[in-house]
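One structure below.
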Amino acid sequence: MKVIALVDCNSFYCSCERLFRPDLNERPVGVLSNNDGCFVSRTNELKALGVKMGEPYFKVKDLCRKNNVAVFSANFSLYTNISDRVMFTLSQFAPEVEIYSVDEAFLDLTGVKNVEQYCRHIKYVIDRHIGIPVSIGIARTKTLAKIANHIAKKNEQFHGVFSCLEKNNREWALEKTSVDNIWGIGRQSTKKLHMINIKTAKQFRDYKNNSLIQKTFTKVGRQTQDELREILCFDLTLEIEKKKEIISSRTFGAPVFDKKSLLESVANYASTACEKLREQKSVCRKVEVWVRTNPFKDVEQYYAVDSYTMLAGSSDTRRIIKHSWEIIDKLYRQGFEYKKALVRISSFQDQKETQLSLFEETDQVQSEALMKVIDDINRREGPHTIKSLACGVNNKAWKMRQTLKSQRYVTGWNELPKVK
């Protein structure tokens with residue numbers, strides 16, 4: 001039978017911040033969302049202080065100051081790099097690995113003798129080679145592996161590894177797990193289950209009226225129930241599905257009034273979207289841009305959106321920026337206090353299958369070669385090492401507020417840690 005292990009990095013963003021700051025190991029640490037808004041990652045020490053996930057920073061600022069909490073702005077270039085290292089290390093331990101998120105991966109360990117001991121070795125190697133603590137849950141299905149991982153993370157007695165392969169362990173874990181902690185069971189589904197007196201994962205697994213479960217929670221709900229019964233319904237997904245659209249957007253760190261700043265922000269968002277587009281080896285035909293003011297502020301409101309459809313697909317940053325700026329020329333109205341802009345690209349085609357237009361003069365070969373050189377340099381030297389001048393140089397009024405950001409450490413030569 002299949003054996004699946006879920007490896008999950010503990011408080012991942014916070015662990016990345018601690019990696020190069022050993023002085024933080026005993027201190028509560030938290031990482032904030034865009035514009036230093038809400039907590040998106042917390043260490044156990046911070047959780048013990050009562051700070052909840054998604055809690056606005058301004059509400060608990062005094063509490064953090066009083067308890068010597070280390071608070072950081074999100075440093076995604078650092079987190080992505082460390083995540084790549086973790087996933088590469090995991091790929092050495094299993095023939096099939098599904099990267100589920102930036103800090104989670106499912107491993108197929110079917111056929112491994114003494115799986116629990118093997119997982120403890122995986123945990124040791126990741127900690128030794130990378131310095132990131134992980135928890136590992138072992139089971140026959142992905143849903144049970146999620147539950148096992150939750151047990152491993154919350155109960156120190158298991159030292160970060162818990163297996164649901166043995167019946168006694170599995171029964172105990174399902175009894176201890178509330179339905180709202182089952183993978184795929186959301187808030188509304190939890191309310192419906194409570195209405196039929198199902199409070200735990202064990203009660204959900206043992207509920208006999210399969211037709212009612214499928215009628216109420218659709219096929220996926222029934223499959224989740226079967227997964228709790230050790231019937232594999234969700235196999236590992238090894239190929240990353242290509243996106244059908246890509247959105248790049250940020251709320252501005254400060255209000256924007258002038259057109260120049262708006263153009264610069266849109267150029268940066270278009271650049272980011274094009275990088276992701278080229279990563280999946282696609283081209284787009286449609287570019288959409290929208291702008292809006294702050295709906296939570298007592299000022300005159302304005303919202304506008306427009307799009308442009310190209311005759312032939314492209315992933316050339318210069319071209320996407322050009323059409324994005326043409327849209328901004330139409331949308332911009334003087335006198336408004338802009339708070340957010342968005343660039344959406346869609347109508348994707350595979351890069352090798354795109355057809356050129358008879359009515360547009362483009363050098364596809366030269367364009368692809370140039371974009372590849374830019375992407376290679378930025379991948380090696382750090383994000384935005386080479387960029388279009390349209391993205392601006394200094395004084396970015398629209399730039400996201402990140403007053404508590406740490407160094408990049410591993411993705412910028414100037415920010416490498418110094419060893420004395």
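Chain labels A, B, ... are given in the sequence in which chains occur in the structure tokens; within each chain residues are numbered consecutively from 1, and ligands are likewise numbered from 1 in the order shown.
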Enumerate, as a compact mmCIF listing (two decimals) with C-alpha atoms, in the first residue's frame, the complete set of residues in stretch 233-269 of chain A that a backbone-based DSSP assignment places in alpha helix (DSSP H).
```txt
# COMPACT_ATOMS: atom_id res chain seq x y z
CA LYS A 259 0.71 59.84 -13.33
CA LYS A 260 4.47 59.17 -13.39
CA SER A 261 4.36 57.15 -10.17
CA LEU A 262 1.32 55.24 -11.42
CA LEU A 263 3.14 54.36 -14.65
CA GLU A 264 6.21 53.18 -12.73
CA SER A 265 4.15 50.92 -10.47
CA VAL A 266 2.34 49.35 -13.43
CA ALA A 267 5.68 48.79 -15.23
CA ASN A 268 6.99 46.90 -12.19
CA TYR A 269 3.87 44.78 -11.91
```
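Residue neighbourhood of A:Thr177, excluding near-sequence residues (fewer than 3 positions): Ile147, Ala148, His150, Ile151, Trp172, Ala173, Leu174, Asp180, Asn181, Ile182, Lys199, Thr200, Ala201 and Lys202 of chain A, at 10 Å, using only C-alpha atoms.
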Residues near A:Gly184, cut-off 10 Å, only C-alpha atoms, skip fewer than 5 positions along chain, as a count of residues only
6
Name the residues in contact with stretch 326-330 of chain A at a cut-off of 9 Å, using only C-alpha atoms, excluding same-chain residues fewer than 2 positions from it; report them as a list in words.
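These residues fall inside the cut-off: Lys259, Leu262, Leu263, Val266, Glu288, Val289, Trp290, Val291, Val305, Asp306, Ser307, Tyr308, Ile321, Lys322, His323, Ser324, Tyr332 and Arg333 of chain A.
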Can you work out the spacing between atom CA of A:Ile320 and atom CA of A:Val343 in Å, to one decimal?
9.7 Å
